[in-house]
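*Asks:* Next up is a structure, given as structure tokens.
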Amino acid sequence: MPRKLAAAILILVIAGAVLAPWIAPFAYARQFRDSPDAGPGGRFIMGTDDVGRDRFSRLLYATRVSLLLAPAAALVSVVLALAISIPGGGGFAPIRRPINGFTTICLSLPWLFLFIILRAELPLNTAPLTSALLTFGLMGVAGFAWPARVFTASVREIRESGWVLQGRAAGMRGWRIAAVHGWPHLRAIAAAQFRVLVPVYILSEASLGLLGLGVSDPLPSWGNLLQELQHPDRVRANPWVLAPLGLLIAVTICLESLQGLPAGRRRE
Amino acid sequence: MNTSKAAAEFGVAGRLLRSALSLLLVVAAGGFAAAALVRYSPGFDVDENSWNAKISPSTLAAMHANRERQNSLPRFYAHYLMAALHGDLGQSDSLRVPVTELLRDRAPVSARLVASGTAGGLAFGAALAWLAVWPRRAAARWFASGTSGFLLAIPPAVLGLAFFFSAAPLSFAVALALTPRVFGTLRALFDELYGSAALLAARARGVGPFTLGTRYVLGAAAPQLIALIGVAFVMAFGSIIPIEALCDVPGVGQLAWKAALARDLPLLSGLALIVTFMAAFVQSMGDLLTGEGW
């Protein structure tokens, strides 16, 4: 997909999400008990769910939750990874080895399993907004390992590079070498890692929401809206319940396209 | 000659030792995390005597202090690890069944799903990667990248539900969830091999496609492929959790999900210990065979 088209679709979706309070005809939690499971029509553009909530309004707010909190979680991961990778990529082996070992363990564990354990530690009766913040916050913390591995390798590469050696020989102080030579290089890699993590977290939230371990009702997210896919009769009767899935696929592919490389290759 | 042989033997022994040590370290760390989860789970140190009105507050305080001492994390961890070494991972809070018994019943179901899904994912991913690199046609490349990107954008649980409702084998869902991850690595590998001097020379000599594939591609990429198989196994395990949970497959993934929903921390901890061991074992095997490590 051409990058301009991807960017245009993404801007449209983000605009819809940001403007949700003005565009959405109803509040996302408002129940119309006289019209449960209503089909699309004049009053409800995409119909209502089984408790009579407007599907279109919920989709707009869900987009808002998923698209705004995933970048925040990606930022948490990148900041954590940067903090860990500086000693992890350093030359002091007693610090470097345990850090790299811990990162390797976190990398080798199935990510979803790790997250399920962390999520299970938290109480069930959290408020919807708190559950959303916890879900994405935990994702950000649990997902630090992959960028940390990349940053650690970069820090090691920078430390051993010719220009750092030259800087040292010229009498530059450590902090100045880090600011002049290290950070500009790391910043670019951090930005790339951030862009990679955003679609990963959007998809992870969708998986967790489907399992009932993500954002809790009535606050909508793409994950908990996708729970309706568990009822094939409902999908057959109301095919528009697939709209969150369509949006999820479109946004993820657009985000992947904007990375500048085909989806699979960029993971390298 | 003798020196190089001795060095090679020491290298293999050193790698074996390093792998064994790292495995032990990981299991010890995993065990500690599991024990800490159980020890600090809500209600762990609640005693029914706390509600006994006949016991004086000072006696209750003394009993509580005694329990605290007995269940201090290091002591609790030592007991937990010793019991785990003897195959006792405790009892599930929600199912009231020993964790080892639950694992014994469910592991074969998940193992079959993971094995067939990994095999399928590797095959599909390799086929797509071959299509993206070998024919050198833009249409084939875009088809491969597009398919991979599309599959990457669908959560494994949705793939599982689609296969479940159409009564298709769920191992295909695991395979398709794994395909884009395998595709990425193999495509980069094939790209590198395609431009290698050895392969170019072999093609110039008119070596047939079968020999090219087996000797020059599989042979040259064997270490990376072995490492990829290990990683793919771990990724497949991650994919089966939502698939088993939503498609009612009685495997370990469904057990983990039920344990998470029921806040069954003894069961989750036992699972964490086993999964950590398996993941570390696969990782160590990969490191051992490829000669890499921490």
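Naming works like this for the structure tokens: A, B, ... for the chains as they're shown, residue 1 at the start of each chain, ligands 1 onward in shown order.
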Give me every helix (DSSP H, G or I) residue in range 47-289 of chain B, going by DSSP on the backbone, as JSON, numbers by chain.
*Replies:* {"B": [48, 49, 50, 51, 57, 58, 59, 60, 61, 62, 63, 64, 65, 66, 67, 68, 69, 70, 73, 74, 75, 76, 77, 78, 79, 80, 81, 82, 83, 84, 85, 99, 100, 101, 102, 103, 104, 105, 106, 107, 108, 109, 110, 111, 112, 113, 114, 115, 116, 117, 118, 119, 120, 121, 122, 123, 124, 125, 126, 127, 128, 129, 130, 131, 132, 133, 138, 139, 140, 141, 142, 143, 144, 145, 146, 147, 148, 149, 150, 151, 152, 156, 157, 158, 159, 160, 161, 162, 163, 164, 165, 170, 171, 172, 173, 174, 175, 176, 177, 178, 179, 180, 181, 182, 183, 184, 185, 186, 187, 188, 189, 190, 191, 192, 193, 194, 197, 198, 199, 200, 201, 202, 203, 204, 209, 210, 211, 212, 213, 214, 215, 216, 217, 218, 222, 223, 224, 225, 226, 227, 228, 229, 230, 231, 232, 233, 234, 235, 236, 237, 238, 239, 240, 241, 242, 243, 244, 245, 246, 252, 253, 254, 255, 256, 257, 258, 259, 260, 261, 265, 266, 267, 268, 269, 270, 271, 272, 273, 274, 275, 276, 277, 278, 279, 280, 281, 282, 283, 284, 285, 286, 287, 288, 289]}
*Asks:* Should the cut-off be 8 Å, what would the residue list for chain B against chain A look like, counting only C-alpha atoms, as a PDB file with N, CA and C atoms, in the first residue's frame?
*Replies:*
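The result, stored in iface_23.pdb:
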ATOM      1  N   VAL B  26      17.984 -19.739  35.179  1.00  0.00           N
ATOM      2  CA  VAL B  26      16.657 -19.305  34.729  1.00  0.00           C
ATOM      3  C   VAL B  26      15.580 -20.013  35.542  1.00  0.00           C
ATOM      4  N   SER B  41       0.208 -13.717  47.330  1.00  0.00           N
ATOM      5  CA  SER B  41      -1.142 -13.693  46.762  1.00  0.00           C
ATOM      6  C   SER B  41      -2.132 -13.288  47.854  1.00  0.00           C
ATOM      7  N   SER B 145       4.538 -10.251   0.901  1.00  0.00           N
ATOM      8  CA  SER B 145       4.561  -9.238   1.972  1.00  0.00           C
ATOM      9  C   SER B 145       3.150  -8.875   2.406  1.00  0.00           C
ATOM     10  N   GLY B 146       2.248  -8.776   1.425  1.00  0.00           N
ATOM     11  CA  GLY B 146       0.859  -8.411   1.728  1.00  0.00           C
ATOM     12  C   GLY B 146       0.186  -9.483   2.576  1.00  0.00           C
ATOM     13  N   SER B 148       1.638 -11.673   4.486  1.00  0.00           N
ATOM     14  CA  SER B 148       2.248 -11.666   5.810  1.00  0.00           C
ATOM     15  C   SER B 148       1.712 -10.498   6.650  1.00  0.00           C
ATOM     16  N   GLY B 149       1.635  -9.306   6.031  1.00  0.00           N
ATOM     17  CA  GLY B 149       1.137  -8.124   6.746  1.00  0.00           C
ATOM     18  C   GLY B 149      -0.302  -8.309   7.195  1.00  0.00           C
ATOM     19  N   PHE B 150      -1.119  -8.912   6.316  1.00  0.00           N
ATOM     20  CA  PHE B 150      -2.533  -9.147   6.651  1.00  0.00           C
ATOM     21  C   PHE B 150      -2.652 -10.118   7.832  1.00  0.00           C
ATOM     22  N   LEU B 152      -0.444 -10.711  10.044  1.00  0.00           N
ATOM     23  CA  LEU B 152       0.121 -10.083  11.240  1.00  0.00           C
ATOM     24  C   LEU B 152      -0.918  -9.184  11.926  1.00  0.00           C
ATOM     25  N   ALA B 153      -1.850  -8.650  11.118  1.00  0.00           N
ATOM     26  CA  ALA B 153      -2.833  -7.710  11.660  1.00  0.00           C
ATOM     27  C   ALA B 153      -4.037  -8.399  12.290  1.00  0.00           C
ATOM     28  N   ILE B 154      -4.114  -9.726  12.191  1.00  0.00           N
ATOM     29  CA  ILE B 154      -5.260 -10.434  12.779  1.00  0.00           C
ATOM     30  C   ILE B 154      -4.816 -11.091  14.085  1.00  0.00           C
ATOM     31  N   PRO B 155      -5.487 -10.779  15.187  1.00  0.00           N
ATOM     32  CA  PRO B 155      -5.107 -11.430  16.445  1.00  0.00           C
ATOM     33  C   PRO B 155      -5.281 -12.954  16.339  1.00  0.00           C
ATOM     34  N   PRO B 156      -4.358 -13.739  16.941  1.00  0.00           N
ATOM     35  CA  PRO B 156      -4.462 -15.205  16.863  1.00  0.00           C
ATOM     36  C   PRO B 156      -5.826 -15.727  17.327  1.00  0.00           C
ATOM     37  N   ALA B 157      -6.425 -15.040  18.306  1.00  0.00           N
ATOM     38  CA  ALA B 157      -7.717 -15.496  18.815  1.00  0.00           C
ATOM     39  C   ALA B 157      -8.793 -15.412  17.730  1.00  0.00           C
ATOM     40  N   VAL B 158      -8.729 -14.359  16.908  1.00  0.00           N
ATOM     41  CA  VAL B 158      -9.722 -14.205  15.840  1.00  0.00           C
ATOM     42  C   VAL B 158      -9.513 -15.293  14.787  1.00  0.00           C
ATOM     43  N   LEU B 161     -10.969 -18.424  16.224  1.00  0.00           N
ATOM     44  CA  LEU B 161     -12.433 -18.450  16.172  1.00  0.00           C
ATOM     45  C   LEU B 161     -12.932 -18.732  14.760  1.00  0.00           C
ATOM     46  N   PHE B 165     -15.248 -21.973  14.083  1.00  0.00           N
ATOM     47  CA  PHE B 165     -16.627 -21.938  13.590  1.00  0.00           C
ATOM     48  C   PHE B 165     -16.770 -22.563  12.210  1.00  0.00           C
ATOM     49  N   PRO B 180       3.626 -14.951   9.744  1.00  0.00           N
ATOM     50  CA  PRO B 180       4.333 -13.676   9.501  1.00  0.00           C
ATOM     51  C   PRO B 180       5.616 -13.529  10.302  1.00  0.00           C
ATOM     52  N   ARG B 181       5.641 -14.116  11.523  1.00  0.00           N
ATOM     53  CA  ARG B 181       6.856 -14.022  12.349  1.00  0.00           C
ATOM     54  C   ARG B 181       7.983 -14.824  11.709  1.00  0.00           C
ATOM     55  N   PHE B 183       8.105 -15.666   8.502  1.00  0.00           N
ATOM     56  CA  PHE B 183       8.364 -15.051   7.202  1.00  0.00           C
ATOM     57  C   PHE B 183       9.425 -13.961   7.309  1.00  0.00           C
ATOM     58  N   GLY B 184       9.293 -13.118   8.330  1.00  0.00           N
ATOM     59  CA  GLY B 184      10.231 -12.001   8.494  1.00  0.00           C
ATOM     60  C   GLY B 184      11.667 -12.474   8.590  1.00  0.00           C
ATOM     61  N   THR B 185      11.880 -13.467   9.455  1.00  0.00           N
ATOM     62  CA  THR B 185      13.242 -13.953   9.667  1.00  0.00           C
ATOM     63  C   THR B 185      13.762 -14.670   8.422  1.00  0.00           C
ATOM     64  N   ARG B 187      12.812 -14.461   5.338  1.00  0.00           N
ATOM     65  CA  ARG B 187      12.999 -13.597   4.176  1.00  0.00           C
ATOM     66  C   ARG B 187      14.374 -12.911   4.233  1.00  0.00           C
ATOM     67  N   ALA B 188      14.705 -12.402   5.414  1.00  0.00           N
ATOM     68  CA  ALA B 188      16.016 -11.755   5.565  1.00  0.00           C
ATOM     69  C   ALA B 188      17.146 -12.753   5.304  1.00  0.00           C
ATOM     70  N   VAL B 231      12.595 -20.587  18.680  1.00  0.00           N
ATOM     71  CA  VAL B 231      11.809 -19.373  18.922  1.00  0.00           C
ATOM     72  C   VAL B 231      10.355 -19.593  18.492  1.00  0.00           C
ATOM     73  N   VAL B 234       8.239 -21.324  21.093  1.00  0.00           N
ATOM     74  CA  VAL B 234       7.818 -20.429  22.179  1.00  0.00           C
ATOM     75  C   VAL B 234       6.693 -19.509  21.683  1.00  0.00           C
ATOM     76  N   MET B 235       6.829 -19.005  20.449  1.00  0.00           N
ATOM     77  CA  MET B 235       5.793 -18.124  19.911  1.00  0.00           C
ATOM     78  C   MET B 235       4.484 -18.889  19.727  1.00  0.00           C
ATOM     79  N   PHE B 237       3.464 -21.320  21.507  1.00  0.00           N
ATOM     80  CA  PHE B 237       2.836 -21.483  22.818  1.00  0.00           C
ATOM     81  C   PHE B 237       2.052 -20.224  23.195  1.00  0.00           C
ATOM     82  N   GLY B 238       2.632 -19.052  22.867  1.00  0.00           N
ATOM     83  CA  GLY B 238       1.921 -17.792  23.122  1.00  0.00           C
ATOM     84  C   GLY B 238       0.626 -17.718  22.327  1.00  0.00           C
ATOM     85  N   ILE B 241      -2.624 -19.845  23.651  1.00  0.00           N
ATOM     86  CA  ILE B 241      -3.384 -19.442  24.852  1.00  0.00           C
ATOM     87  C   ILE B 241      -4.764 -18.886  24.450  1.00  0.00           C
ATOM     88  N   PRO B 242      -4.817 -17.837  23.598  1.00  0.00           N
ATOM     89  CA  PRO B 242      -6.164 -17.348  23.245  1.00  0.00           C
ATOM     90  C   PRO B 242      -6.954 -18.348  22.408  1.00  0.00           C
ATOM     91  N   ALA B 245      -8.300 -20.988  24.740  1.00  0.00           N
ATOM     92  CA  ALA B 245      -9.270 -20.406  25.668  1.00  0.00           C
ATOM     93  C   ALA B 245     -10.620 -20.176  24.987  1.00  0.00           C
ATOM     94  N   LEU B 246     -10.589 -19.614  23.785  1.00  0.00           N
ATOM     95  CA  LEU B 246     -11.848 -19.252  23.135  1.00  0.00           C
ATOM     96  C   LEU B 246     -12.477 -20.409  22.365  1.00  0.00           C
ATOM     97  N   ALA B 256      -4.198 -21.882  31.702  1.00  0.00           N
ATOM     98  CA  ALA B 256      -3.588 -20.607  32.115  1.00  0.00           C
ATOM     99  C   ALA B 256      -4.632 -19.506  32.141  1.00  0.00           C
ATOM    100  N   TRP B 257      -5.488 -19.500  31.137  1.00  0.00           N
ATOM    101  CA  TRP B 257      -6.537 -18.477  31.047  1.00  0.00           C
ATOM    102  C   TRP B 257      -7.524 -18.613  32.208  1.00  0.00           C
ATOM    103  N   ALA B 260      -6.000 -17.470  35.341  1.00  0.00           N
ATOM    104  CA  ALA B 260      -5.919 -16.006  35.417  1.00  0.00           C
ATOM    105  C   ALA B 260      -7.278 -15.419  35.795  1.00  0.00           C
ATOM    106  N   LEU B 261      -8.352 -15.953  35.195  1.00  0.00           N
ATOM    107  CA  LEU B 261      -9.687 -15.428  35.496  1.00  0.00           C
ATOM    108  C   LEU B 261     -10.093 -15.730  36.928  1.00  0.00           C
ATOM    109  N   ARG B 263      -8.006 -16.071  39.372  1.00  0.00           N
ATOM    110  CA  ARG B 263      -6.924 -15.609  40.270  1.00  0.00           C
ATOM    111  C   ARG B 263      -6.336 -16.789  41.034  1.00  0.00           C
ATOM    112  N   LEU B 265      -3.532 -18.409  41.871  1.00  0.00           N
ATOM    113  CA  LEU B 265      -2.086 -18.148  41.792  1.00  0.00           C
ATOM    114  C   LEU B 265      -1.213 -19.397  41.947  1.00  0.00           C
ATOM    115  N   LEU B 268      -1.187 -20.774  38.469  1.00  0.00           N
ATOM    116  CA  LEU B 268      -0.434 -19.889  37.568  1.00  0.00           C
ATOM    117  C   LEU B 268       1.069 -19.987  37.831  1.00  0.00           C
ATOM    118  N   VAL B 275       6.603 -23.352  32.185  1.00  0.00           N
ATOM    119  CA  VAL B 275       6.790 -22.635  30.915  1.00  0.00           C
ATOM    120  C   VAL B 275       8.174 -21.986  30.877  1.00  0.00           C
ATOM    121  N   THR B 276       8.617 -21.431  32.020  1.00  0.00           N
ATOM    122  CA  THR B 276       9.955 -20.831  32.065  1.00  0.00           C
ATOM    123  C   THR B 276      11.008 -21.898  31.771  1.00  0.00           C
ATOM    124  N   ALA B 279      10.811 -22.806  28.022  1.00  0.00           N
ATOM    125  CA  ALA B 279      11.330 -21.727  27.177  1.00  0.00           C
ATOM    126  C   ALA B 279      12.851 -21.641  27.291  1.00  0.00           C
ATOM    127  N   ALA B 280      13.343 -21.745  28.539  1.00  0.00           N
ATOM    128  CA  ALA B 280      14.792 -21.656  28.746  1.00  0.00           C
ATOM    129  C   ALA B 280      15.496 -22.864  28.130  1.00  0.00           C
ATOM    130  N   GLN B 283      15.614 -22.338  24.428  1.00  0.00           N
ATOM    131  CA  GLN B 283      16.597 -21.276  24.167  1.00  0.00           C
ATOM    132  C   GLN B 283      18.022 -21.819  24.326  1.00  0.00           C
ATOM    133  N   TRP B 294      24.482 -15.734  26.216  1.00  0.00           N
ATOM    134  CA  TRP B 294      24.336 -14.400  26.828  1.00  0.00           C
ATOM    135  C   TRP B 294      25.628 -13.620  26.714  1.00  0.00           C
TER     136      TRP B 294
END
*Asks:* If we count only C-alpha atoms, what is near range 160-166 of chain A at a cut-off of 9 Å, once residues fewer than 4 positions away on the same chain are taken out, given as a ChimeraX atom specification?
*Replies:* /A:155-156,170-172,177-178,181-182
*Asks:* For the selection you just gave me, I'd like the residues written to a file as a short mmCIF file (atom, residue, chain, number, x, y, z; two decimals), in the first residue's frame, keeping N, CA and C atoms.
*Replies:*
data_model
loop_
_atom_site.label_atom_id
_atom_site.label_comp_id
_atom_site.auth_asym_id
_atom_site.auth_seq_id
_atom_site.Cartn_x
_atom_site.Cartn_y
_atom_site.Cartn_z
N VAL A 155 24.14 0.22 22.12
CA VAL A 155 25.03 0.87 23.08
C VAL A 155 26.42 0.24 22.98
N ARG A 156 26.43 -1.10 22.86
CA ARG A 156 27.72 -1.80 22.76
C ARG A 156 28.46 -1.36 21.49
N ALA A 170 40.63 12.42 22.39
CA ALA A 170 40.69 13.88 22.34
C ALA A 170 40.40 14.50 23.71
N GLY A 171 40.12 13.66 24.71
CA GLY A 171 39.91 14.14 26.08
C GLY A 171 38.48 14.52 26.39
N MET A 172 37.53 14.07 25.59
CA MET A 172 36.12 14.39 25.88
C MET A 172 35.67 13.62 27.12
N ILE A 177 30.54 12.66 25.52
CA ILE A 177 30.55 11.64 24.45
C ILE A 177 29.13 11.07 24.30
N ALA A 178 28.48 10.80 25.46
CA ALA A 178 27.13 10.24 25.42
C ALA A 178 26.16 11.22 24.74
N HIS A 181 27.75 11.86 20.80
CA HIS A 181 27.85 10.70 19.91
C HIS A 181 26.79 9.63 20.18
N GLY A 182 26.49 9.42 21.46
CA GLY A 182 25.59 8.31 21.79
C GLY A 182 24.13 8.63 21.54
#
*Asks:* Have a look at A:Ala70, A:Ala83, A:Leu59, A:Leu129 and name the one nearest to Trp222 in chain A; count only C-alpha atoms.
*Replies:*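 Using only C-alpha atoms, the shortest distance to Trp222 in chain A belongs to A:Leu59.
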*Asks:* In Å to one decimal, how far is CA of Trp142 in chain B from CA of Thr211 in chain B?
*Replies:*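 Atom-to-atom, CA of Thr211 in chain B and CA of Trp142 in chain B are spaced 27.4 Å apart.
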*Asks:* Name all residues at most 8 Å from Gly117 in chain B (count only C-alpha atoms; drop same-chain ones fewer than 2 positions away) and give them as a PyMOL selection string.
*Replies:* chain B and resi 113-115+119-121+171-175+178+236
*Asks:* Keeping only N, CA and C atoms, write the selected residues as a PDB file, in the first residue's frame.
*Replies:*
ATOM      1  N   LEU B 113      -0.928 -29.413  19.454  1.00  0.00           N
ATOM      2  CA  LEU B 113      -1.293 -28.168  18.767  1.00  0.00           C
ATOM      3  C   LEU B 113      -0.045 -27.328  18.463  1.00  0.00           C
ATOM      4  N   VAL B 114       0.852 -27.254  19.449  1.00  0.00           N
ATOM      5  CA  VAL B 114       2.075 -26.462  19.259  1.00  0.00           C
ATOM      6  C   VAL B 114       2.950 -27.100  18.172  1.00  0.00           C
ATOM      7  N   ALA B 115       3.101 -28.426  18.225  1.00  0.00           N
ATOM      8  CA  ALA B 115       3.981 -29.096  17.254  1.00  0.00           C
ATOM      9  C   ALA B 115       3.447 -28.943  15.836  1.00  0.00           C
ATOM     10  N   ALA B 119       5.097 -26.582  12.894  1.00  0.00           N
ATOM     11  CA  ALA B 119       5.490 -27.172  11.599  1.00  0.00           C
ATOM     12  C   ALA B 119       4.802 -26.430  10.456  1.00  0.00           C
ATOM     13  N   GLY B 120       3.492 -26.180  10.625  1.00  0.00           N
ATOM     14  CA  GLY B 120       2.730 -25.466   9.588  1.00  0.00           C
ATOM     15  C   GLY B 120       3.233 -24.046   9.410  1.00  0.00           C
ATOM     16  N   GLY B 121       3.486 -23.361  10.521  1.00  0.00           N
ATOM     17  CA  GLY B 121       3.958 -21.971  10.467  1.00  0.00           C
ATOM     18  C   GLY B 121       5.294 -21.870   9.767  1.00  0.00           C
ATOM     19  N   SER B 171      -4.911 -26.251  14.327  1.00  0.00           N
ATOM     20  CA  SER B 171      -3.457 -26.135  14.125  1.00  0.00           C
ATOM     21  C   SER B 171      -3.159 -25.194  12.949  1.00  0.00           C
ATOM     22  N   PHE B 172      -4.122 -25.080  12.002  1.00  0.00           N
ATOM     23  CA  PHE B 172      -3.937 -24.142  10.888  1.00  0.00           C
ATOM     24  C   PHE B 172      -3.946 -22.704  11.407  1.00  0.00           C
ATOM     25  N   ALA B 173      -4.807 -22.458  12.405  1.00  0.00           N
ATOM     26  CA  ALA B 173      -4.866 -21.107  12.986  1.00  0.00           C
ATOM     27  C   ALA B 173      -3.539 -20.771  13.656  1.00  0.00           C
ATOM     28  N   VAL B 174      -2.982 -21.739  14.400  1.00  0.00           N
ATOM     29  CA  VAL B 174      -1.680 -21.505  15.053  1.00  0.00           C
ATOM     30  C   VAL B 174      -0.621 -21.277  13.972  1.00  0.00           C
ATOM     31  N   ALA B 175      -0.681 -22.095  12.923  1.00  0.00           N
ATOM     32  CA  ALA B 175       0.304 -21.979  11.837  1.00  0.00           C
ATOM     33  C   ALA B 175       0.225 -20.600  11.182  1.00  0.00           C
ATOM     34  N   LEU B 178       1.609 -17.848  13.243  1.00  0.00           N
ATOM     35  CA  LEU B 178       3.076 -17.911  13.309  1.00  0.00           C
ATOM     36  C   LEU B 178       3.737 -17.485  11.989  1.00  0.00           C
ATOM     37  N   ALA B 236       4.600 -20.157  19.295  1.00  0.00           N
ATOM     38  CA  ALA B 236       3.388 -20.970  19.103  1.00  0.00           C
ATOM     39  C   ALA B 236       2.688 -21.169  20.438  1.00  0.00           C
TER      40      ALA B 236
END
*Asks:* CA of Ala232 in chain B to CA of Arg149 in chain A: how many Å, to one decimal?
*Replies:* 18.2 Å
